[in-house]
$ cat run.cif   # mmCIF, C-alpha atoms
data_upload
#
loop_
_atom_site.label_atom_id
_atom_site.label_comp_id
_atom_site.auth_asym_id
_atom_site.auth_seq_id
_atom_site.Cartn_x
_atom_site.Cartn_y
_atom_site.Cartn_z
CA MET N 1 -17.19 -2.33 -10.54
CA SER N 2 -18.69 0.39 -8.40
CA LYS N 3 -17.45 3.94 -8.64
CA LYS N 4 -16.64 4.09 -4.96
CA HIS N 5 -14.10 1.61 -3.72
CA LYS N 6 -14.04 0.90 -0.04
CA ILE N 7 -10.42 0.82 1.02
CA GLU N 8 -9.79 -1.20 4.14
CA ASP N 9 -6.49 -1.86 5.79
CA ARG N 10 -5.63 -2.75 9.37
CA GLY N 11 -9.23 -2.08 10.35
CA ALA N 12 -9.34 1.44 8.98
CA GLY N 13 -11.93 2.18 6.35
CA ILE N 14 -11.94 5.10 3.94
CA ASP N 15 -13.40 5.41 0.48
CA GLU N 16 -11.70 7.11 -2.46
CA ASP N 17 -14.01 10.14 -2.34
CA ARG N 18 -13.11 10.87 1.28
CA LEU N 19 -9.44 10.31 0.56
CA LEU N 20 -9.54 12.81 -2.31
CA ASP N 21 -11.59 15.27 -0.23
CA TYR N 22 -8.89 15.12 2.41
CA ILE N 23 -6.04 15.63 -0.06
CA GLU N 24 -7.88 18.54 -1.64
CA GLY N 25 -8.57 20.09 1.79
CA ARG N 26 -12.34 19.81 1.33
CA MET N 27 -12.98 17.89 4.54
CA PRO N 28 -14.52 19.47 7.69
CA PRO N 29 -11.97 19.80 10.56
CA ASP N 30 -13.56 17.12 12.77
CA GLU N 31 -13.55 14.55 9.96
CA GLU N 32 -10.07 15.65 9.00
CA TYR N 33 -8.93 15.01 12.56
CA ARG N 34 -10.57 11.58 12.67
CA LEU N 35 -8.81 10.59 9.46
CA GLU N 36 -5.49 11.92 10.74
CA THR N 37 -5.72 9.77 13.88
CA ILE N 38 -6.00 6.80 11.49
CA LEU N 39 -3.04 8.07 9.46
CA GLU N 40 -0.97 8.16 12.65
CA SER N 41 -1.34 4.41 13.12
CA ASP N 42 -1.61 3.25 9.51
CA PRO N 43 1.67 3.58 7.59
CA PHE N 44 0.06 2.33 4.35
CA LEU N 45 -2.62 5.02 4.35
CA ASN N 46 -0.18 7.64 5.61
CA ASP N 47 2.36 6.96 2.84
CA ALA N 48 -0.43 6.88 0.26
CA VAL N 49 -1.81 10.26 1.35
CA GLU N 50 1.66 11.84 1.31
CA GLY N 51 2.36 10.43 -2.14
CA LEU N 52 -1.01 11.41 -3.61
CA ALA N 53 -0.51 14.94 -2.31
CA GLU N 54 2.61 15.15 -4.47
CA VAL N 55 0.72 14.58 -7.72
CA LYS N 56 0.72 17.88 -9.61
CA ASP N 57 -2.65 17.52 -11.32
CA ARG N 58 -4.81 15.91 -8.64
CA ALA N 59 -7.87 16.08 -10.85
CA GLN N 60 -6.16 13.31 -12.82
CA LEU N 61 -5.92 10.89 -9.89
CA ARG N 62 -9.10 9.00 -10.74
CA ALA N 63 -8.07 8.78 -14.39
CA ILE N 64 -4.63 7.45 -13.40
CA ALA N 65 -6.18 4.82 -11.12
CA ALA N 66 -8.63 3.85 -13.89
CA GLN N 67 -5.77 3.53 -16.38
CA ILE N 68 -3.82 1.25 -14.01
CA ASN N 69 -6.97 -0.83 -13.45
CA VAL N 70 -7.46 -1.27 -17.20
CA GLN N 71 -3.90 -2.62 -17.42
CA LEU N 72 -4.56 -4.87 -14.45
CA ARG N 73 -7.68 -6.34 -16.08
CA ARG N 74 -5.69 -6.91 -19.27
CA GLN N 75 -3.06 -8.81 -17.31
CA VAL N 76 -5.69 -10.91 -15.57
CA ARG N 77 -7.35 -11.77 -18.92
CA SER N 78 -4.05 -12.68 -20.52
CA ARG N 79 -3.14 -14.90 -17.56
CA ARG N 80 -6.50 -16.67 -17.78
CA ARG N 81 -5.97 -17.21 -21.50
CA GLN N 82 -2.49 -18.62 -20.90
CA ARG N 83 -3.80 -20.95 -18.22
CA ARG N 84 -6.61 -22.12 -20.50
CA GLY N 85 -4.07 -22.64 -23.30
CA HIS N 86 -2.00 -24.96 -21.14
CA LYS N 87 -4.93 -27.00 -19.83
CA LEU N 88 -6.47 -29.73 -22.01
CA THR N 89 -10.19 -30.32 -21.85
CA GLU N 90 -11.40 -33.86 -21.07
CA GLY N 91 -12.33 -34.43 -24.72
CA GLN N 92 -8.91 -33.29 -25.89
CA GLY N 93 -7.28 -35.63 -23.39
CA TRP N 94 -9.17 -38.68 -24.71
CA LEU N 95 -8.36 -37.67 -28.29
CA MET N 96 -4.66 -37.60 -27.40
CA VAL N 97 -4.93 -41.11 -25.87
CA LEU N 98 -6.66 -42.35 -29.01
CA ILE N 99 -4.00 -40.85 -31.28
CA VAL N 100 -1.19 -42.45 -29.23
CA LEU N 101 -2.96 -45.84 -29.37
CA LEU N 102 -3.41 -45.54 -33.14
CA LEU N 103 0.28 -44.67 -33.54
CA VAL N 104 1.29 -47.70 -31.46
CA LEU N 105 -0.97 -49.93 -33.57
CA LEU N 106 0.41 -48.44 -36.78
CA ALA N 107 3.99 -48.99 -35.60
CA TRP N 108 3.16 -52.58 -34.65
CA TRP N 109 1.59 -53.17 -38.09
CA VAL N 110 4.58 -51.60 -39.93
CA ILE N 111 7.03 -53.75 -37.96
CA ARG N 112 4.92 -56.83 -38.62
CA VAL N 113 4.80 -56.16 -42.40
CA ALA N 114 8.52 -55.42 -42.49
CA VAL N 115 9.37 -58.69 -40.71
CA LYS N 116 7.27 -60.69 -43.22
CA MET F 117 -11.72 -7.10 -8.41
CA LEU F 118 -10.02 -7.15 -4.98
CA LEU F 119 -6.76 -5.57 -6.15
CA GLU F 120 -8.53 -2.57 -7.68
CA ARG F 121 -9.50 -1.44 -4.20
CA TYR F 122 -5.84 -0.73 -3.53
CA THR F 123 -4.86 0.95 -6.83
CA MET F 124 -5.13 4.53 -5.59
CA LEU F 125 -3.37 3.77 -2.30
CA LEU F 126 -0.56 1.86 -4.01
CA PHE F 127 -0.11 4.64 -6.55
CA GLY F 128 0.18 7.08 -3.64
CA VAL F 129 2.78 4.92 -1.88
CA CYS F 130 4.82 4.58 -5.08
CA MET F 131 4.54 8.34 -5.70
CA LYS F 132 5.81 9.05 -2.22
CA TYR F 133 9.00 7.11 -2.80
CA LEU F 134 9.61 7.48 -6.53
CA LYS F 135 8.27 11.03 -7.06
CA GLU F 136 7.62 10.37 -10.76
CA GLU F 137 4.09 9.60 -11.97
CA GLU F 138 5.10 7.30 -14.82
CA GLN F 139 7.50 5.35 -12.64
CA ALA F 140 4.87 5.11 -9.92
CA LYS F 141 2.33 3.74 -12.42
CA ASP F 142 4.86 1.15 -13.63
CA ALA F 143 5.66 0.22 -10.04
CA VAL F 144 1.96 -0.38 -9.25
CA GLN F 145 1.75 -2.61 -12.33
CA GLN F 146 4.72 -4.59 -11.06
CA VAL F 147 3.12 -4.93 -7.64
CA PHE F 148 -0.03 -6.27 -9.30
CA LEU F 149 1.99 -8.69 -11.45
CA LYS F 150 3.66 -10.02 -8.32
CA ALA F 151 0.32 -10.20 -6.55
CA LEU F 152 -1.27 -12.15 -9.41
CA ALA F 153 1.63 -14.60 -9.39
CA GLU F 154 2.08 -14.96 -5.62
CA MET F 155 -1.31 -14.49 -4.03
CA PRO F 156 -2.90 -17.73 -5.26
CA LYS F 157 0.01 -19.69 -3.72
CA TYR F 158 -0.40 -18.43 -0.17
CA ARG F 159 -3.16 -17.64 2.26
CA ILE F 160 -2.72 -13.91 2.80
CA GLU F 161 -4.95 -12.54 5.54
CA ASN F 162 -3.96 -8.88 5.38
CA VAL F 163 -3.95 -8.25 1.65
CA GLY F 164 -3.47 -4.50 2.09
CA GLY F 165 -0.49 -4.96 4.40
CA TRP F 166 1.08 -7.48 2.02
CA LEU F 167 0.61 -5.21 -1.01
CA TYR F 168 2.06 -2.28 0.95
CA GLN F 169 5.19 -4.27 1.83
CA VAL F 170 5.63 -5.42 -1.78
CA ALA F 171 5.21 -1.85 -3.07
CA ARG F 172 7.63 -0.42 -0.52
CA ASN F 173 10.28 -3.05 -1.18
CA LEU F 174 9.94 -2.52 -4.91
CA CYS F 175 10.27 1.27 -4.57
CA LEU F 176 13.20 0.98 -2.20
CA SER F 177 15.09 -1.37 -4.49
CA SER F 178 14.36 0.99 -7.38
CA LEU F 179 15.67 3.91 -5.31
CA ARG F 180 18.77 1.95 -4.35
CA GLY F 181 19.34 1.35 -8.04
CA ARG F 182 19.31 5.03 -8.81
CA ARG F 183 20.87 6.22 -5.56
CA GLU F 184 23.86 7.73 -7.30
CA HIS F 185 21.50 10.00 -9.24
CA ALA F 186 18.96 10.67 -6.52
CA GLY F 187 21.25 11.10 -3.53
CA GLU F 188 20.75 9.57 -0.11
CA GLU F 189 18.01 11.92 1.01
CA GLN F 190 15.17 10.09 -0.77
CA LEU F 191 15.78 7.04 1.36
CA GLN F 192 15.09 9.12 4.45
CA TYR F 193 11.39 9.15 3.54
CA VAL F 194 11.05 5.50 4.45
CA ALA F 195 8.29 5.19 7.04
CA GLN F 196 9.26 3.40 10.19
CA PRO F 197 7.03 0.49 11.16
CA GLU F 198 4.59 1.37 13.91
CA GLU F 199 5.94 0.30 17.28
CA VAL F 200 3.95 -0.04 20.50
CA PRO F 201 1.41 2.80 20.33
CA VAL F 202 1.83 5.43 23.03
CA SER F 203 -1.78 4.83 24.08
CA LEU F 204 -0.92 1.24 25.08
CA LEU F 205 1.87 2.42 27.32
CA VAL F 206 -0.53 4.67 29.18
CA GLU F 207 -2.98 2.40 30.93
CA LYS F 208 -3.12 3.66 34.49
CA GLU F 209 -3.63 7.07 36.01
CA LYS F 210 -0.03 7.27 37.19
CA ASP F 211 1.02 6.56 33.58
CA ILE F 212 -1.03 9.56 32.44
CA ASP F 213 0.83 11.68 35.00
CA ARG F 214 4.10 10.31 33.65
CA LEU F 215 2.97 11.03 30.10
CA LYS F 216 2.26 14.63 31.04
CA ALA F 217 5.63 14.90 32.76
CA GLU F 218 7.46 13.40 29.79
CA LEU F 219 5.51 15.63 27.43
CA ALA F 220 6.97 18.62 29.23
CA ASN F 221 10.46 17.24 28.58
CA LEU F 222 9.98 17.18 24.81
CA LYS F 223 11.42 19.87 22.58
CA GLU F 224 9.10 22.89 22.35
CA ASP F 225 8.00 22.26 18.73
CA GLN F 226 7.29 18.59 19.37
CA ARG F 227 5.50 19.28 22.65
CA VAL F 228 3.22 21.91 21.12
CA CYS F 229 2.29 19.70 18.15
CA VAL F 230 1.82 16.48 20.14
CA ALA F 231 -0.32 18.24 22.75
CA ALA F 232 -2.43 20.00 20.13
CA PHE F 233 -3.01 16.77 18.20
CA TYR F 234 -3.55 14.27 20.99
CA LEU F 235 -4.90 16.41 23.83
CA GLU F 236 -6.71 19.25 22.05
CA LYS F 237 -7.70 17.02 19.09
CA LYS F 238 -6.73 19.56 16.47
CA SER F 239 -6.12 18.54 12.86
CA TYR F 240 -2.75 19.02 11.14
CA SER F 241 -4.03 22.04 9.22
CA GLN F 242 -5.43 23.65 12.41
CA ILE F 243 -2.10 23.12 14.17
CA ALA F 244 -0.23 24.48 11.15
CA GLU F 245 -2.44 27.55 11.17
CA ALA F 246 -1.98 28.12 14.90
CA THR F 247 1.79 27.55 14.98
CA GLY F 248 2.92 28.81 11.58
CA PHE F 249 4.56 25.44 10.77
CA SER F 250 3.91 23.77 7.43
CA ILE F 251 1.74 20.63 7.50
CA LYS F 252 4.85 18.57 6.73
CA GLN F 253 6.60 20.09 9.75
CA VAL F 254 3.57 19.46 11.96
CA LYS F 255 3.52 15.80 10.96
CA SER F 256 7.23 15.52 11.48
CA HIS F 257 7.06 17.10 14.96
CA ILE F 258 4.20 14.78 15.93
CA GLN F 259 6.09 11.72 14.63
CA ASN F 260 9.31 12.66 16.37
CA GLY F 261 7.54 13.71 19.55
CA LYS F 262 5.61 10.46 19.63
CA ARG F 263 8.78 8.45 19.10
CA ASN F 264 10.62 10.30 21.86
CA LEU F 265 7.66 9.90 24.23
CA ARG F 266 7.52 6.20 23.50
CA ILE F 267 11.24 5.79 24.17
CA ARG F 268 10.96 7.67 27.47
CA LEU F 269 7.83 5.79 28.58
CA GLU F 270 9.30 2.40 27.64
CA ALA F 271 12.52 3.22 29.49
CA GLY F 272 10.56 4.10 32.61
CA SER F 273 8.18 1.12 32.61
#
$ encode --input "run.cif" --output "structure tokens"
Amino acid sequence: MSKKHKIEDRGAGIDEDRLLDYIEGRMPPDEEYRLETILESDPFLNDAVEGLAEVKDRAQLRAIAAQINVQLRRQVRSRRRQRRGHKLTEGQGWLMVLIVLLLVLLAWWVIRVAVK
Amino acid sequence: MLLERYTMLLFGVCMKYLKEEEQAKDAVQQVFLKALAEMPKYRIENVGGWLYQVARNLCLSSLRGRREHAGEEQLQYVAQPEEVPVSLLVEKEKDIDRLKAELANLKEDQRVCVAAFYLEKKSYSQIAEATGFSIKQVKSHIQNGKRNLRIRLEAGS
């Protein structure tokens, strides 16, 4: 995963560095204005900026996002494992068929012996 | 991973509504859980928009759950969906004249902020510095001014 994530929504594009520069007030006025015209028409980005600005320790924002991403990857791995656990491979499928056939044969033989 | 592109934005959205970092982190996790379960079932073209709606709904239902502790005011922060942009209502020259006329009818604070932002192309912080308003007030005046302009322009078209 690259360090910079391009964030695109409703045609607007802004990367995390620029977003954090804006929140920290490190952006030149003309760029700041350009971003704000996007904020005016993009409720997602606008809400996000307002919320991020409320974080007390903004230096932690990257660490928080990284922590959430670690959890996300864990969830994805666990889902994959679950899915794999439920699915039988082709070999396992044939083995199951063989076992069922053997059980049927065994039952038939037991019944046959019992009748005699 | 696609969802990771939205982590920071979703955390921001959840922070805006919930105000608590731990709750916001949990909310983003819940959004991702829903996304992992739901996204493979449907063809979602605007992933960002979909995630935003899920996050907002989740935060709002969480706020409703704790309304008695939080009070009604937190629900006032809910962003209104974007309606017809003012720019689309102003297509002809006569519309620009009408826009200018309607601008003059706005409340002083709204008129100053809307004109500075849209006509003079000043950023929120520049407007705040020039007017003495806080950035939050500037944004609020622009939002309200824009809404009132839109209502007036739509009524006249």
$ residues_around --input "run.cif" --residues "Asn260 of chain F" --least-positions-apart "2" --cutoff "10 Å" --atoms "all atoms listed in the file" --output "short mmCIF file (atom, residue, chain, number, x, y, z; two decimals) with C-alpha atoms, keeping the file's coordinate frame"
data_model
loop_
_atom_site.label_atom_id
_atom_site.label_comp_id
_atom_site.auth_asym_id
_atom_site.auth_seq_id
_atom_site.Cartn_x
_atom_site.Cartn_y
_atom_site.Cartn_z
CA LEU F 222 9.98 17.18 24.81
CA LYS F 223 11.42 19.87 22.58
CA ASP F 225 8.00 22.26 18.73
CA GLN F 226 7.29 18.59 19.37
CA ARG F 227 5.50 19.28 22.65
CA VAL F 230 1.82 16.48 20.14
CA VAL F 254 3.57 19.46 11.96
CA LYS F 255 3.52 15.80 10.96
CA SER F 256 7.23 15.52 11.48
CA HIS F 257 7.06 17.10 14.96
CA ILE F 258 4.20 14.78 15.93
CA LYS F 262 5.61 10.46 19.63
CA ARG F 263 8.78 8.45 19.10
CA ASN F 264 10.62 10.30 21.86
CA LEU F 265 7.66 9.90 24.23
CA ARG F 266 7.52 6.20 23.50
#
$ closest_atom_pairs --input "run.cif" --of "chain F" --to "chain N" --cutoff "8 Å" --atoms "only C-alpha atoms" --output "CSV"
residue,atom,partner,partner_atom,distance
F:Met117,CA,N:Met1,CA,7.6
F:Glu120,CA,N:Asn69,CA,6.2
F:Arg121,CA,N:His5,CA,5.5
F:Tyr122,CA,N:Ile7,CA,6.6
F:Thr123,CA,N:Ala65,CA,5.9
F:Met124,CA,N:Ala65,CA,5.6
F:Leu125,CA,N:Ala48,CA,5.0
F:Leu126,CA,N:Ala48,CA,6.6
F:Phe127,CA,N:Ala48,CA,7.2
F:Gly128,CA,N:Ala48,CA,4.0
F:Val129,CA,N:Ala48,CA,4.3
F:Cys130,CA,N:Gly51,CA,7.0
F:Met131,CA,N:Gly51,CA,4.7
F:Lys132,CA,N:Gly51,CA,3.7
F:Tyr133,CA,N:Gly51,CA,7.5
F:Lys135,CA,N:Glu54,CA,7.5
F:Glu137,CA,N:Val55,CA,7.4
F:Lys141,CA,N:Ile68,CA,6.8
F:Val144,CA,N:Ile68,CA,7.7
F:Gln145,CA,N:Ile68,CA,7.0
F:Phe148,CA,N:Leu72,CA,7.0
F:Leu149,CA,N:Gln75,CA,7.7
F:Leu152,CA,N:Val76,CA,7.7
F:Asn162,CA,N:Asp9,CA,7.5
F:Gly164,CA,N:Asp9,CA,5.5
F:Gly165,CA,N:Asp9,CA,6.9
F:Tyr168,CA,N:Phe44,CA,6.1
F:Ala195,CA,N:Pro43,CA,6.8
F:Pro197,CA,N:Pro43,CA,7.1
F:Glu198,CA,N:Ser41,CA,6.7
F:Pro201,CA,N:Ser41,CA,7.9
F:Lys237,CA,N:Tyr33,CA,6.9
F:Lys238,CA,N:Tyr33,CA,6.4
F:Ser239,CA,N:Tyr33,CA,4.5
F:Tyr240,CA,N:Tyr33,CA,7.5
F:Gln242,CA,N:Pro29,CA,7.8
$ closest_residue --input "run.cif" --among "F:Tyr234, F:Ala271, F:Val170, F:Leu215" --to "Met155 of chain F" --atoms "only C-alpha atoms"
F:Val170
$ atom_distance --input "run.cif" --atom1 "atom CA of Gln169 of chain F" --atom2 "atom CA of Gln146 of chain F"
12.9 Å
$ atom_distance --input "run.cif" --atom1 "atom CA of Gln82 of chain N" --atom2 "atom CA of Leu95 of chain N"
21.3 Å
$ atom_distance --input "run.cif" --atom1 "atom CA of Asn221 of chain F" --atom2 "atom CA of Ile243 of chain F"
20.0 Å
$ closest_residue --input "run.cif" --among "F:Arg268, F:Ala246, F:Lys252, F:Phe233" --to "Ala220 of chain F" --atoms "all atoms listed in the file"
F:Arg268
